[in-house]
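*Asks:* This is upload-v2.cif, which holds mmCIF, N, CA and C atoms:
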data_start
#
loop_
_atom_site.label_atom_id
_atom_site.label_comp_id
_atom_site.auth_asym_id
_atom_site.auth_seq_id
_atom_site.Cartn_x
_atom_site.Cartn_y
_atom_site.Cartn_z
N MET O 200 0.84 -1.17 0.00
CA MET O 200 0.00 0.00 0.00
C MET O 200 0.89 1.24 0.00
N THR O 201 0.73 2.12 -0.94
CA THR O 201 1.52 3.34 -0.99
C THR O 201 0.71 4.47 -0.38
N ASN O 202 1.39 5.31 0.36
CA ASN O 202 0.72 6.40 1.05
C ASN O 202 1.74 7.50 1.27
N GLN O 203 1.36 8.74 0.96
CA GLN O 203 2.26 9.86 1.13
C GLN O 203 2.16 10.48 2.52
N HIS O 204 1.43 9.85 3.39
CA HIS O 204 1.22 10.34 4.75
C HIS O 204 2.53 10.29 5.53
N HIS O 205 2.81 11.33 6.30
CA HIS O 205 3.99 11.37 7.17
C HIS O 205 3.49 11.37 8.62
N PRO O 206 3.62 10.24 9.31
CA PRO O 206 3.00 10.11 10.63
C PRO O 206 3.67 10.92 11.72
N VAL O 207 2.84 11.32 12.67
CA VAL O 207 3.33 11.88 13.92
C VAL O 207 3.31 10.71 14.89
N VAL O 208 4.48 10.21 15.26
CA VAL O 208 4.58 9.02 16.10
C VAL O 208 4.65 9.44 17.56
N ASN O 209 3.78 8.81 18.37
CA ASN O 209 3.75 9.09 19.80
C ASN O 209 4.58 8.10 20.60
N PHE O 210 4.69 6.88 20.09
CA PHE O 210 5.32 5.81 20.86
C PHE O 210 5.73 4.72 19.89
N ALA O 211 6.89 4.10 20.08
CA ALA O 211 7.35 3.08 19.15
C ALA O 211 7.98 1.90 19.87
N GLY O 212 7.82 0.73 19.25
CA GLY O 212 8.47 -0.49 19.70
C GLY O 212 9.44 -0.93 18.61
N ASP O 213 9.78 -2.21 18.61
CA ASP O 213 10.70 -2.72 17.59
C ASP O 213 10.02 -2.86 16.23
N LYS O 214 8.75 -3.28 16.22
CA LYS O 214 8.04 -3.55 14.97
C LYS O 214 7.02 -2.49 14.60
N VAL O 215 6.40 -1.86 15.60
CA VAL O 215 5.32 -0.93 15.33
C VAL O 215 5.57 0.42 15.97
N ALA O 216 4.90 1.41 15.42
CA ALA O 216 4.89 2.76 15.98
C ALA O 216 3.42 3.18 16.07
N LEU O 217 3.08 3.88 17.14
CA LEU O 217 1.72 4.36 17.33
C LEU O 217 1.71 5.86 17.11
N GLY O 218 0.82 6.30 16.23
CA GLY O 218 0.73 7.71 15.91
C GLY O 218 -0.70 8.20 15.94
N LEU O 219 -0.86 9.48 15.78
CA LEU O 219 -2.18 10.10 15.81
C LEU O 219 -3.08 9.57 14.70
N LEU O 220 -4.38 9.54 14.97
CA LEU O 220 -5.34 9.32 13.89
C LEU O 220 -5.37 10.61 13.09
N CYS O 221 -5.33 10.51 11.79
CA CYS O 221 -5.30 11.70 10.95
C CYS O 221 -6.41 11.64 9.91
N LEU O 222 -6.98 12.79 9.61
CA LEU O 222 -8.06 12.86 8.64
C LEU O 222 -7.69 12.27 7.29
N ASP O 223 -6.46 12.44 6.85
CA ASP O 223 -6.09 11.95 5.53
C ASP O 223 -6.03 10.42 5.47
N LEU O 224 -6.08 9.75 6.63
CA LEU O 224 -6.10 8.28 6.64
C LEU O 224 -7.50 7.70 6.78
N ILE O 225 -8.53 8.54 6.84
CA ILE O 225 -9.90 8.01 6.95
C ILE O 225 -10.22 7.04 5.84
N PRO O 226 -9.90 7.30 4.56
CA PRO O 226 -10.20 6.31 3.52
C PRO O 226 -9.49 4.96 3.76
N THR O 227 -8.27 5.00 4.27
CA THR O 227 -7.53 3.77 4.56
C THR O 227 -8.21 3.01 5.70
N HIS O 228 -8.54 3.71 6.77
CA HIS O 228 -9.22 3.08 7.91
C HIS O 228 -10.58 2.54 7.49
N HIS O 229 -11.28 3.29 6.65
CA HIS O 229 -12.58 2.84 6.15
C HIS O 229 -12.43 1.54 5.37
N GLN O 230 -11.44 1.46 4.53
CA GLN O 230 -11.21 0.24 3.75
C GLN O 230 -10.95 -0.95 4.69
N TRP O 231 -10.15 -0.76 5.71
CA TRP O 231 -9.87 -1.84 6.66
C TRP O 231 -11.14 -2.31 7.35
N HIS O 232 -12.00 -1.37 7.72
CA HIS O 232 -13.19 -1.71 8.49
C HIS O 232 -14.37 -2.16 7.64
N THR O 233 -14.21 -2.20 6.35
CA THR O 233 -15.29 -2.70 5.50
C THR O 233 -14.91 -3.99 4.78
N THR O 234 -13.79 -4.58 5.13
CA THR O 234 -13.41 -5.87 4.56
C THR O 234 -13.85 -6.97 5.51
N SER O 235 -14.23 -8.09 4.96
CA SER O 235 -14.75 -9.17 5.80
C SER O 235 -13.72 -9.68 6.80
N GLY O 236 -12.45 -9.67 6.45
CA GLY O 236 -11.41 -10.13 7.37
C GLY O 236 -11.32 -9.28 8.61
N ALA O 237 -11.50 -7.98 8.47
CA ALA O 237 -11.46 -7.09 9.63
C ALA O 237 -12.79 -7.10 10.37
N LEU O 238 -13.89 -7.18 9.65
CA LEU O 238 -15.21 -7.14 10.28
C LEU O 238 -15.43 -8.29 11.25
N ARG O 239 -14.84 -9.44 10.97
CA ARG O 239 -15.09 -10.59 11.83
C ARG O 239 -14.51 -10.42 13.22
N THR O 240 -13.56 -9.49 13.39
CA THR O 240 -12.96 -9.29 14.70
C THR O 240 -13.49 -8.06 15.42
N LEU O 241 -14.37 -7.32 14.80
CA LEU O 241 -14.87 -6.08 15.39
C LEU O 241 -16.25 -6.27 16.00
N LYS O 242 -16.55 -5.46 17.01
CA LYS O 242 -17.91 -5.42 17.55
C LYS O 242 -18.69 -4.42 16.71
N ALA O 243 -18.79 -4.69 15.43
CA ALA O 243 -19.45 -3.76 14.52
C ALA O 243 -20.45 -4.52 13.67
N SER O 244 -21.26 -3.77 13.00
CA SER O 244 -22.22 -4.36 12.09
C SER O 244 -21.49 -5.07 10.96
N LEU O 245 -22.07 -6.14 10.48
CA LEU O 245 -21.45 -6.86 9.37
C LEU O 245 -21.72 -6.21 8.04
N LYS O 246 -22.57 -5.18 8.02
CA LYS O 246 -22.82 -4.51 6.75
C LYS O 246 -21.83 -3.36 6.57
N PRO O 247 -21.31 -3.21 5.36
CA PRO O 247 -20.37 -2.11 5.09
C PRO O 247 -21.06 -0.76 5.28
N VAL O 248 -20.27 0.23 5.66
CA VAL O 248 -20.80 1.59 5.82
C VAL O 248 -20.12 2.50 4.81
N SER O 249 -20.80 3.58 4.49
CA SER O 249 -20.25 4.54 3.53
C SER O 249 -19.06 5.27 4.14
N LEU O 250 -18.27 5.85 3.28
CA LEU O 250 -17.12 6.64 3.74
C LEU O 250 -17.59 7.82 4.59
N ASP O 251 -18.71 8.46 4.20
CA ASP O 251 -19.24 9.58 4.98
C ASP O 251 -19.65 9.15 6.38
N LYS O 252 -20.31 8.00 6.48
CA LYS O 252 -20.74 7.50 7.78
C LYS O 252 -19.52 7.14 8.63
N PHE O 253 -18.50 6.56 8.00
CA PHE O 253 -17.28 6.23 8.72
C PHE O 253 -16.58 7.49 9.20
N ALA O 254 -16.58 8.55 8.39
CA ALA O 254 -15.98 9.82 8.81
C ALA O 254 -16.71 10.37 10.04
N GLY O 255 -18.02 10.16 10.12
CA GLY O 255 -18.79 10.56 11.30
C GLY O 255 -18.35 9.77 12.52
N TRP O 256 -18.07 8.47 12.32
CA TRP O 256 -17.55 7.63 13.41
C TRP O 256 -16.23 8.22 13.91
N TYR O 257 -15.38 8.58 12.98
CA TYR O 257 -14.07 9.15 13.32
C TYR O 257 -14.25 10.39 14.19
N GLU O 258 -15.11 11.29 13.77
CA GLU O 258 -15.34 12.53 14.52
C GLU O 258 -15.87 12.22 15.92
N HIS O 259 -16.80 11.28 16.02
CA HIS O 259 -17.38 10.93 17.32
C HIS O 259 -16.32 10.37 18.27
N TRP O 260 -15.60 9.36 17.82
CA TRP O 260 -14.68 8.67 18.71
C TRP O 260 -13.43 9.47 19.04
N THR O 261 -12.93 10.22 18.10
CA THR O 261 -11.73 11.01 18.40
C THR O 261 -12.05 12.22 19.26
N GLY O 262 -13.31 12.59 19.36
CA GLY O 262 -13.70 13.71 20.20
C GLY O 262 -13.95 13.33 21.65
N ARG O 263 -13.95 12.05 21.94
CA ARG O 263 -14.21 11.59 23.31
C ARG O 263 -12.97 11.81 24.18
N THR O 264 -13.20 12.25 25.41
CA THR O 264 -12.09 12.49 26.32
C THR O 264 -11.67 11.23 27.07
N ASP O 265 -12.48 10.17 27.02
CA ASP O 265 -12.12 8.94 27.73
C ASP O 265 -11.57 7.86 26.79
N ASP O 266 -11.23 8.23 25.57
CA ASP O 266 -10.63 7.30 24.61
C ASP O 266 -9.34 7.91 24.07
N ALA O 267 -8.40 7.04 23.73
CA ALA O 267 -7.16 7.48 23.08
C ALA O 267 -6.95 6.57 21.87
N TRP O 268 -7.12 7.10 20.67
CA TRP O 268 -7.04 6.34 19.42
C TRP O 268 -5.71 6.60 18.73
N PHE O 269 -5.16 5.55 18.11
CA PHE O 269 -3.88 5.65 17.41
C PHE O 269 -3.94 4.88 16.10
N THR O 270 -3.19 5.35 15.14
CA THR O 270 -2.92 4.56 13.94
C THR O 270 -1.68 3.72 14.26
N VAL O 271 -1.72 2.45 13.85
CA VAL O 271 -0.57 1.56 14.03
C VAL O 271 0.22 1.59 12.73
N TYR O 272 1.49 1.93 12.82
CA TYR O 272 2.38 1.98 11.66
C TYR O 272 3.43 0.89 11.77
N GLU O 273 3.85 0.38 10.62
CA GLU O 273 5.02 -0.49 10.62
C GLU O 273 6.20 0.41 10.92
N HIS O 274 6.98 0.08 11.95
CA HIS O 274 8.03 0.97 12.41
C HIS O 274 9.06 1.29 11.33
N GLY O 275 9.54 0.29 10.62
CA GLY O 275 10.59 0.51 9.63
C GLY O 275 10.16 1.35 8.44
N THR O 276 8.94 1.11 7.93
CA THR O 276 8.48 1.79 6.72
C THR O 276 7.56 2.96 7.00
N GLN O 277 7.04 3.03 8.21
CA GLN O 277 6.05 4.02 8.61
C GLN O 277 4.77 3.96 7.77
N GLN O 278 4.48 2.78 7.24
CA GLN O 278 3.23 2.56 6.51
C GLN O 278 2.13 2.25 7.51
N PRO O 279 0.95 2.88 7.36
CA PRO O 279 -0.16 2.56 8.24
C PRO O 279 -0.62 1.12 8.01
N MET O 280 -0.89 0.40 9.11
CA MET O 280 -1.31 -0.99 8.96
C MET O 280 -2.46 -1.37 9.88
N GLY O 281 -2.88 -0.47 10.77
CA GLY O 281 -3.98 -0.80 11.65
C GLY O 281 -4.39 0.38 12.50
N ILE O 282 -5.29 0.09 13.41
CA ILE O 282 -5.82 1.11 14.30
C ILE O 282 -5.97 0.47 15.69
N THR O 283 -5.71 1.25 16.72
CA THR O 283 -5.82 0.73 18.08
C THR O 283 -6.32 1.85 18.99
N ALA O 284 -6.85 1.43 20.13
CA ALA O 284 -7.38 2.42 21.06
C ALA O 284 -7.34 1.91 22.49
N LEU O 285 -7.25 2.85 23.38
CA LEU O 285 -7.55 2.63 24.79
C LEU O 285 -8.92 3.27 24.96
N GLY O 286 -9.93 2.46 25.19
CA GLY O 286 -11.30 2.95 25.26
C GLY O 286 -11.81 2.98 26.67
N GLY O 287 -12.71 3.92 26.93
CA GLY O 287 -13.32 4.01 28.24
C GLY O 287 -12.32 4.20 29.35
N ILE O 288 -11.32 5.04 29.11
CA ILE O 288 -10.29 5.26 30.13
C ILE O 288 -10.96 5.85 31.38
N ASP O 289 -10.76 5.20 32.48
CA ASP O 289 -11.33 5.62 33.76
C ASP O 289 -10.15 5.94 34.68
N TYR O 290 -9.84 7.21 34.79
CA TYR O 290 -8.69 7.63 35.58
C TYR O 290 -8.91 7.39 37.08
N ARG O 291 -10.14 7.48 37.50
CA ARG O 291 -10.44 7.26 38.93
C ARG O 291 -10.19 5.81 39.32
N HIS O 292 -10.67 4.87 38.49
CA HIS O 292 -10.51 3.45 38.79
C HIS O 292 -9.29 2.83 38.11
N ARG O 293 -8.59 3.66 37.34
CA ARG O 293 -7.33 3.26 36.69
C ARG O 293 -7.50 2.05 35.77
N THR O 294 -8.50 2.12 34.89
CA THR O 294 -8.76 1.03 33.96
C THR O 294 -9.00 1.58 32.55
N ALA O 295 -8.89 0.70 31.56
CA ALA O 295 -9.20 1.03 30.17
C ALA O 295 -9.40 -0.28 29.41
N GLU O 296 -10.07 -0.19 28.29
CA GLU O 296 -10.29 -1.34 27.41
C GLU O 296 -9.40 -1.18 26.19
N VAL O 297 -8.73 -2.25 25.80
CA VAL O 297 -7.85 -2.22 24.62
C VAL O 297 -8.62 -2.71 23.40
N GLN O 298 -8.51 -1.96 22.32
CA GLN O 298 -9.12 -2.34 21.04
C GLN O 298 -8.05 -2.25 19.97
N MET O 299 -8.11 -3.17 19.00
CA MET O 299 -7.11 -3.15 17.95
C MET O 299 -7.57 -3.90 16.72
N THR O 300 -7.21 -3.39 15.56
CA THR O 300 -7.41 -4.08 14.29
C THR O 300 -6.16 -3.90 13.45
N ILE O 301 -5.60 -5.00 12.98
CA ILE O 301 -4.54 -4.91 11.97
C ILE O 301 -5.28 -5.04 10.64
N GLY O 302 -5.36 -3.93 9.93
CA GLY O 302 -6.19 -3.87 8.73
C GLY O 302 -5.54 -4.42 7.48
N GLU O 303 -4.23 -4.33 7.40
CA GLU O 303 -3.54 -4.82 6.21
C GLU O 303 -3.39 -6.34 6.30
N ARG O 304 -4.14 -7.04 5.47
CA ARG O 304 -4.15 -8.51 5.50
C ARG O 304 -2.79 -9.14 5.27
N THR O 305 -1.98 -8.54 4.44
CA THR O 305 -0.70 -9.15 4.06
C THR O 305 0.31 -9.21 5.19
N ILE O 306 0.07 -8.46 6.26
CA ILE O 306 1.04 -8.47 7.35
C ILE O 306 0.49 -9.06 8.64
N ARG O 307 -0.70 -9.61 8.59
CA ARG O 307 -1.26 -10.26 9.78
C ARG O 307 -0.47 -11.53 10.08
N GLY O 308 -0.40 -11.87 11.36
CA GLY O 308 0.28 -13.09 11.78
C GLY O 308 1.79 -12.95 11.91
N LYS O 309 2.27 -11.71 11.97
CA LYS O 309 3.72 -11.49 12.05
C LYS O 309 4.14 -10.82 13.36
N GLY O 310 3.23 -10.76 14.33
CA GLY O 310 3.58 -10.22 15.63
C GLY O 310 3.31 -8.74 15.82
N TYR O 311 2.78 -8.07 14.80
CA TYR O 311 2.52 -6.64 14.94
C TYR O 311 1.40 -6.37 15.96
N GLY O 312 0.36 -7.17 15.93
CA GLY O 312 -0.73 -7.02 16.89
C GLY O 312 -0.27 -7.32 18.31
N THR O 313 0.56 -8.33 18.45
CA THR O 313 1.09 -8.68 19.77
C THR O 313 1.89 -7.52 20.35
N GLU O 314 2.77 -6.95 19.54
CA GLU O 314 3.58 -5.84 20.04
C GLU O 314 2.72 -4.62 20.34
N THR O 315 1.72 -4.36 19.51
CA THR O 315 0.82 -3.24 19.77
C THR O 315 0.13 -3.43 21.11
N THR O 316 -0.37 -4.64 21.35
CA THR O 316 -1.05 -4.94 22.61
C THR O 316 -0.11 -4.77 23.79
N GLN O 317 1.14 -5.07 23.62
CA GLN O 317 2.12 -4.91 24.70
C GLN O 317 2.50 -3.44 24.92
N LEU O 318 2.48 -2.63 23.87
CA LEU O 318 2.84 -1.21 23.99
C LEU O 318 1.77 -0.38 24.66
N LEU O 319 0.50 -0.70 24.45
CA LEU O 319 -0.57 0.15 24.96
C LEU O 319 -0.56 0.30 26.48
N PRO O 320 -0.44 -0.76 27.25
CA PRO O 320 -0.38 -0.55 28.71
C PRO O 320 0.81 0.29 29.14
N THR O 321 1.94 0.10 28.48
CA THR O 321 3.13 0.89 28.79
C THR O 321 2.87 2.37 28.51
N LEU O 322 2.26 2.65 27.37
CA LEU O 322 1.92 4.02 27.00
C LEU O 322 0.97 4.62 28.02
N LEU O 323 -0.05 3.88 28.39
CA LEU O 323 -1.02 4.39 29.34
C LEU O 323 -0.40 4.62 30.71
N LEU O 324 0.43 3.69 31.16
CA LEU O 324 1.05 3.85 32.47
C LEU O 324 2.00 5.03 32.53
N ARG O 325 2.68 5.29 31.43
CA ARG O 325 3.60 6.44 31.41
C ARG O 325 2.88 7.76 31.47
N HIS O 326 1.64 7.79 30.98
CA HIS O 326 0.96 9.06 30.86
C HIS O 326 -0.22 9.28 31.81
N SER O 327 -0.59 8.25 32.59
CA SER O 327 -1.83 8.50 33.34
C SER O 327 -1.98 7.77 34.66
N ALA O 328 -1.06 6.96 35.07
CA ALA O 328 -1.17 6.21 36.31
C ALA O 328 -2.37 5.25 36.32
N CYS O 329 -2.74 4.72 35.14
CA CYS O 329 -3.79 3.72 35.05
C CYS O 329 -3.19 2.32 35.06
N THR O 330 -4.02 1.34 35.32
CA THR O 330 -3.64 -0.05 35.14
C THR O 330 -4.57 -0.65 34.10
N VAL O 331 -4.02 -1.48 33.25
CA VAL O 331 -4.84 -2.09 32.20
C VAL O 331 -4.94 -3.57 32.49
#
Output the file's structure in the form of structure tokens.
*Replies:*
Amino acid sequence: MTNQHHPVVNFAGDKVALGLLCLDLIPTHHQWHTTSGALRTLKASLKPVSLDKFAGWYEHWTGRTDDAWFTVYEHGTQQPMGITALGGIDYRHRTAEVQMTIGERTIRGKGYGTETTQLLPTLLLRHSACTV
């Protein structure tokens, strides 16, 4: 997948980097979330949604103060490959829910999701005194 996007990386591991969700990646995220391979792992409707409706989802979720959403990039190439979030962050009870989708089918099964899952608690602990 070719993309001229230049990510703002917030946190990186050996294989992946986590960066901001960006408006210019909405079509890429939409494509990931409307393929059957990604839909089977999401708590979402099995029917595809329009790009406009997906953009509305983006606005809703990125505007929430109790969620932290990131694009998952391949660290070496900085190509976007998925999306992840800490959802329902509860600072009082020090908890959050982890969500993740590796959208690029060609790179699934190579440990990127595992490393992303391992990075999120570290990121949260460094910035908020939560436990995941």
*Asks:* Can you translate the PyMOL selection byres ((chain O and resi 213-230) around 6) into the concrete residues it hits in this file, as an NGL selection string?
*Replies:* :O and (207-212 or 231-234 or 268-275)
*Asks:* I need the residues of chain O that end up classed as alpha helix (DSSP H) by DSSP on the backbone, written out as a PDB file with N, CA and C atoms, keeping the file's coordinate frame.
*Replies:*
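Output (states-v6.pdb):
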ATOM      1  N   ILE O 225      -8.530   8.540   6.840  1.00  0.00           N
ATOM      2  CA  ILE O 225      -9.900   8.010   6.950  1.00  0.00           C
ATOM      3  C   ILE O 225     -10.220   7.040   5.840  1.00  0.00           C
ATOM      4  N   PRO O 226      -9.900   7.300   4.560  1.00  0.00           N
ATOM      5  CA  PRO O 226     -10.200   6.310   3.520  1.00  0.00           C
ATOM      6  C   PRO O 226      -9.490   4.960   3.760  1.00  0.00           C
ATOM      7  N   THR O 227      -8.270   5.000   4.270  1.00  0.00           N
ATOM      8  CA  THR O 227      -7.530   3.770   4.560  1.00  0.00           C
ATOM      9  C   THR O 227      -8.210   3.010   5.700  1.00  0.00           C
ATOM     10  N   HIS O 228      -8.540   3.710   6.770  1.00  0.00           N
ATOM     11  CA  HIS O 228      -9.220   3.080   7.910  1.00  0.00           C
ATOM     12  C   HIS O 228     -10.580   2.540   7.490  1.00  0.00           C
ATOM     13  N   HIS O 229     -11.280   3.290   6.650  1.00  0.00           N
ATOM     14  CA  HIS O 229     -12.580   2.840   6.150  1.00  0.00           C
ATOM     15  C   HIS O 229     -12.430   1.540   5.370  1.00  0.00           C
ATOM     16  N   GLN O 230     -11.440   1.460   4.530  1.00  0.00           N
ATOM     17  CA  GLN O 230     -11.210   0.240   3.750  1.00  0.00           C
ATOM     18  C   GLN O 230     -10.950  -0.950   4.690  1.00  0.00           C
ATOM     19  N   TRP O 231     -10.150  -0.760   5.710  1.00  0.00           N
ATOM     20  CA  TRP O 231      -9.870  -1.840   6.660  1.00  0.00           C
ATOM     21  C   TRP O 231     -11.140  -2.310   7.350  1.00  0.00           C
ATOM     22  N   HIS O 232     -12.000  -1.370   7.720  1.00  0.00           N
ATOM     23  CA  HIS O 232     -13.190  -1.710   8.490  1.00  0.00           C
ATOM     24  C   HIS O 232     -14.370  -2.160   7.640  1.00  0.00           C
ATOM     25  N   SER O 235     -14.230  -8.090   4.960  1.00  0.00           N
ATOM     26  CA  SER O 235     -14.750  -9.170   5.800  1.00  0.00           C
ATOM     27  C   SER O 235     -13.720  -9.680   6.800  1.00  0.00           C
ATOM     28  N   GLY O 236     -12.450  -9.670   6.450  1.00  0.00           N
ATOM     29  CA  GLY O 236     -11.410 -10.130   7.370  1.00  0.00           C
ATOM     30  C   GLY O 236     -11.320  -9.280   8.610  1.00  0.00           C
ATOM     31  N   ALA O 237     -11.500  -7.980   8.470  1.00  0.00           N
ATOM     32  CA  ALA O 237     -11.460  -7.090   9.630  1.00  0.00           C
ATOM     33  C   ALA O 237     -12.790  -7.100  10.370  1.00  0.00           C
ATOM     34  N   LEU O 238     -13.890  -7.180   9.650  1.00  0.00           N
ATOM     35  CA  LEU O 238     -15.210  -7.140  10.280  1.00  0.00           C
ATOM     36  C   LEU O 238     -15.430  -8.290  11.250  1.00  0.00           C
ATOM     37  N   LEU O 250     -18.270   5.850   3.280  1.00  0.00           N
ATOM     38  CA  LEU O 250     -17.120   6.640   3.740  1.00  0.00           C
ATOM     39  C   LEU O 250     -17.590   7.820   4.590  1.00  0.00           C
ATOM     40  N   ASP O 251     -18.710   8.460   4.200  1.00  0.00           N
ATOM     41  CA  ASP O 251     -19.240   9.580   4.980  1.00  0.00           C
ATOM     42  C   ASP O 251     -19.650   9.150   6.380  1.00  0.00           C
ATOM     43  N   LYS O 252     -20.310   8.000   6.480  1.00  0.00           N
ATOM     44  CA  LYS O 252     -20.740   7.500   7.780  1.00  0.00           C
ATOM     45  C   LYS O 252     -19.520   7.140   8.630  1.00  0.00           C
ATOM     46  N   PHE O 253     -18.500   6.560   8.000  1.00  0.00           N
ATOM     47  CA  PHE O 253     -17.280   6.230   8.720  1.00  0.00           C
ATOM     48  C   PHE O 253     -16.580   7.490   9.200  1.00  0.00           C
ATOM     49  N   ALA O 254     -16.580   8.550   8.390  1.00  0.00           N
ATOM     50  CA  ALA O 254     -15.980   9.820   8.810  1.00  0.00           C
ATOM     51  C   ALA O 254     -16.710  10.370  10.040  1.00  0.00           C
ATOM     52  N   GLY O 255     -18.020  10.160  10.120  1.00  0.00           N
ATOM     53  CA  GLY O 255     -18.790  10.560  11.300  1.00  0.00           C
ATOM     54  C   GLY O 255     -18.350   9.770  12.520  1.00  0.00           C
ATOM     55  N   TRP O 256     -18.070   8.470  12.320  1.00  0.00           N
ATOM     56  CA  TRP O 256     -17.550   7.630  13.410  1.00  0.00           C
ATOM     57  C   TRP O 256     -16.230   8.220  13.910  1.00  0.00           C
ATOM     58  N   TYR O 257     -15.380   8.580  12.980  1.00  0.00           N
ATOM     59  CA  TYR O 257     -14.070   9.150  13.320  1.00  0.00           C
ATOM     60  C   TYR O 257     -14.250  10.390  14.190  1.00  0.00           C
ATOM     61  N   GLU O 258     -15.110  11.290  13.770  1.00  0.00           N
ATOM     62  CA  GLU O 258     -15.340  12.530  14.520  1.00  0.00           C
ATOM     63  C   GLU O 258     -15.870  12.220  15.920  1.00  0.00           C
ATOM     64  N   HIS O 259     -16.800  11.280  16.020  1.00  0.00           N
ATOM     65  CA  HIS O 259     -17.380  10.930  17.320  1.00  0.00           C
ATOM     66  C   HIS O 259     -16.320  10.370  18.270  1.00  0.00           C
ATOM     67  N   TRP O 260     -15.600   9.360  17.820  1.00  0.00           N
ATOM     68  CA  TRP O 260     -14.680   8.670  18.710  1.00  0.00           C
ATOM     69  C   TRP O 260     -13.430   9.470  19.040  1.00  0.00           C
ATOM     70  N   THR O 261     -12.930  10.220  18.100  1.00  0.00           N
ATOM     71  CA  THR O 261     -11.730  11.010  18.400  1.00  0.00           C
ATOM     72  C   THR O 261     -12.050  12.220  19.260  1.00  0.00           C
ATOM     73  N   TYR O 311       2.780  -8.070  14.800  1.00  0.00           N
ATOM     74  CA  TYR O 311       2.520  -6.640  14.940  1.00  0.00           C
ATOM     75  C   TYR O 311       1.400  -6.370  15.960  1.00  0.00           C
ATOM     76  N   GLY O 312       0.360  -7.170  15.930  1.00  0.00           N
ATOM     77  CA  GLY O 312      -0.730  -7.020  16.890  1.00  0.00           C
ATOM     78  C   GLY O 312      -0.270  -7.320  18.310  1.00  0.00           C
ATOM     79  N   THR O 313       0.560  -8.330  18.450  1.00  0.00           N
ATOM     80  CA  THR O 313       1.090  -8.680  19.770  1.00  0.00           C
ATOM     81  C   THR O 313       1.890  -7.520  20.350  1.00  0.00           C
ATOM     82  N   GLU O 314       2.770  -6.950  19.540  1.00  0.00           N
ATOM     83  CA  GLU O 314       3.580  -5.840  20.040  1.00  0.00           C
ATOM     84  C   GLU O 314       2.720  -4.620  20.340  1.00  0.00           C
ATOM     85  N   THR O 315       1.720  -4.360  19.510  1.00  0.00           N
ATOM     86  CA  THR O 315       0.820  -3.240  19.770  1.00  0.00           C
ATOM     87  C   THR O 315       0.130  -3.430  21.110  1.00  0.00           C
ATOM     88  N   THR O 316      -0.370  -4.640  21.350  1.00  0.00           N
ATOM     89  CA  THR O 316      -1.050  -4.940  22.610  1.00  0.00           C
ATOM     90  C   THR O 316      -0.110  -4.770  23.790  1.00  0.00           C
ATOM     91  N   GLN O 317       1.140  -5.070  23.620  1.00  0.00           N
ATOM     92  CA  GLN O 317       2.120  -4.910  24.700  1.00  0.00           C
ATOM     93  C   GLN O 317       2.500  -3.440  24.920  1.00  0.00           C
ATOM     94  N   LEU O 318       2.480  -2.630  23.870  1.00  0.00           N
ATOM     95  CA  LEU O 318       2.840  -1.210  23.990  1.00  0.00           C
ATOM     96  C   LEU O 318       1.770  -0.380  24.660  1.00  0.00           C
ATOM     97  N   LEU O 319       0.500  -0.700  24.450  1.00  0.00           N
ATOM     98  CA  LEU O 319      -0.570   0.150  24.960  1.00  0.00           C
ATOM     99  C   LEU O 319      -0.560   0.300  26.480  1.00  0.00           C
ATOM    100  N   PRO O 320      -0.440  -0.760  27.250  1.00  0.00           N
ATOM    101  CA  PRO O 320      -0.380  -0.550  28.710  1.00  0.00           C
ATOM    102  C   PRO O 320       0.810   0.290  29.140  1.00  0.00           C
ATOM    103  N   THR O 321       1.940   0.100  28.480  1.00  0.00           N
ATOM    104  CA  THR O 321       3.130   0.890  28.790  1.00  0.00           C
ATOM    105  C   THR O 321       2.870   2.370  28.510  1.00  0.00           C
ATOM    106  N   LEU O 322       2.260   2.650  27.370  1.00  0.00           N
ATOM    107  CA  LEU O 322       1.920   4.020  27.000  1.00  0.00           C
ATOM    108  C   LEU O 322       0.970   4.620  28.020  1.00  0.00           C
ATOM    109  N   LEU O 323      -0.050   3.880  28.390  1.00  0.00           N
ATOM    110  CA  LEU O 323      -1.020   4.390  29.340  1.00  0.00           C
ATOM    111  C   LEU O 323      -0.400   4.620  30.710  1.00  0.00           C
ATOM    112  N   LEU O 324       0.430   3.690  31.160  1.00  0.00           N
ATOM    113  CA  LEU O 324       1.050   3.850  32.470  1.00  0.00           C
ATOM    114  C   LEU O 324       2.000   5.030  32.530  1.00  0.00           C
ATOM    115  N   ARG O 325       2.680   5.290  31.430  1.00  0.00           N
ATOM    116  CA  ARG O 325       3.600   6.440  31.410  1.00  0.00           C
ATOM    117  C   ARG O 325       2.880   7.760  31.470  1.00  0.00           C
ATOM    118  N   HIS O 326       1.640   7.790  30.980  1.00  0.00           N
ATOM    119  CA  HIS O 326       0.960   9.060  30.860  1.00  0.00           C
ATOM    120  C   HIS O 326      -0.220   9.280  31.810  1.00  0.00           C
ATOM    121  N   SER O 327      -0.590   8.250  32.590  1.00  0.00           N
ATOM    122  CA  SER O 327      -1.830   8.500  33.340  1.00  0.00           C
ATOM    123  C   SER O 327      -1.980   7.770  34.660  1.00  0.00           C
TER     124      SER O 327
END
*Asks:* Which of these, O:Pro279, O:Met299, O:Asp265, O:Pro206, has the shortest distance to O:Thr316 once you count all atoms listed in the file?
*Replies:*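 Residue with the minimum atom-to-atom distance to O:Thr316: O:Met299.
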*Asks:* Tell me which of O:Pro320, O:Gly286, O:Val297, O:Lys309 sits closest to O:Asp266, counting all atoms listed in the file.
*Replies:*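 Selected residue with least distance to O:Asp266: O:Gly286.
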*Asks:* What is the distance between atom CA of O:His259 and atom N of O:Tyr311, in Å to one decimal?
*Replies:*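 For atom CA of O:His259 relative to atom N of O:Tyr311, the distance reads 27.8 Å.
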*Asks:* Box for stretch 294-305 of chain O - axis-aligned, 5 Å on each of the six sides, all listed atoms - centre and size in Å to one decimal, as lines of an AutoDock Vina configuration file.
*Replies:*
center_x = -5.0
center_y = -3.5
center_z = 19.5
size_x = 20.6
size_y = 21.3
size_z = 40.8
*Asks:* What does the structure give for the distance between atom CA of O:Glu296 and atom CA of O:Leu323, in Å to one decimal?
*Replies:* 11.1 Å
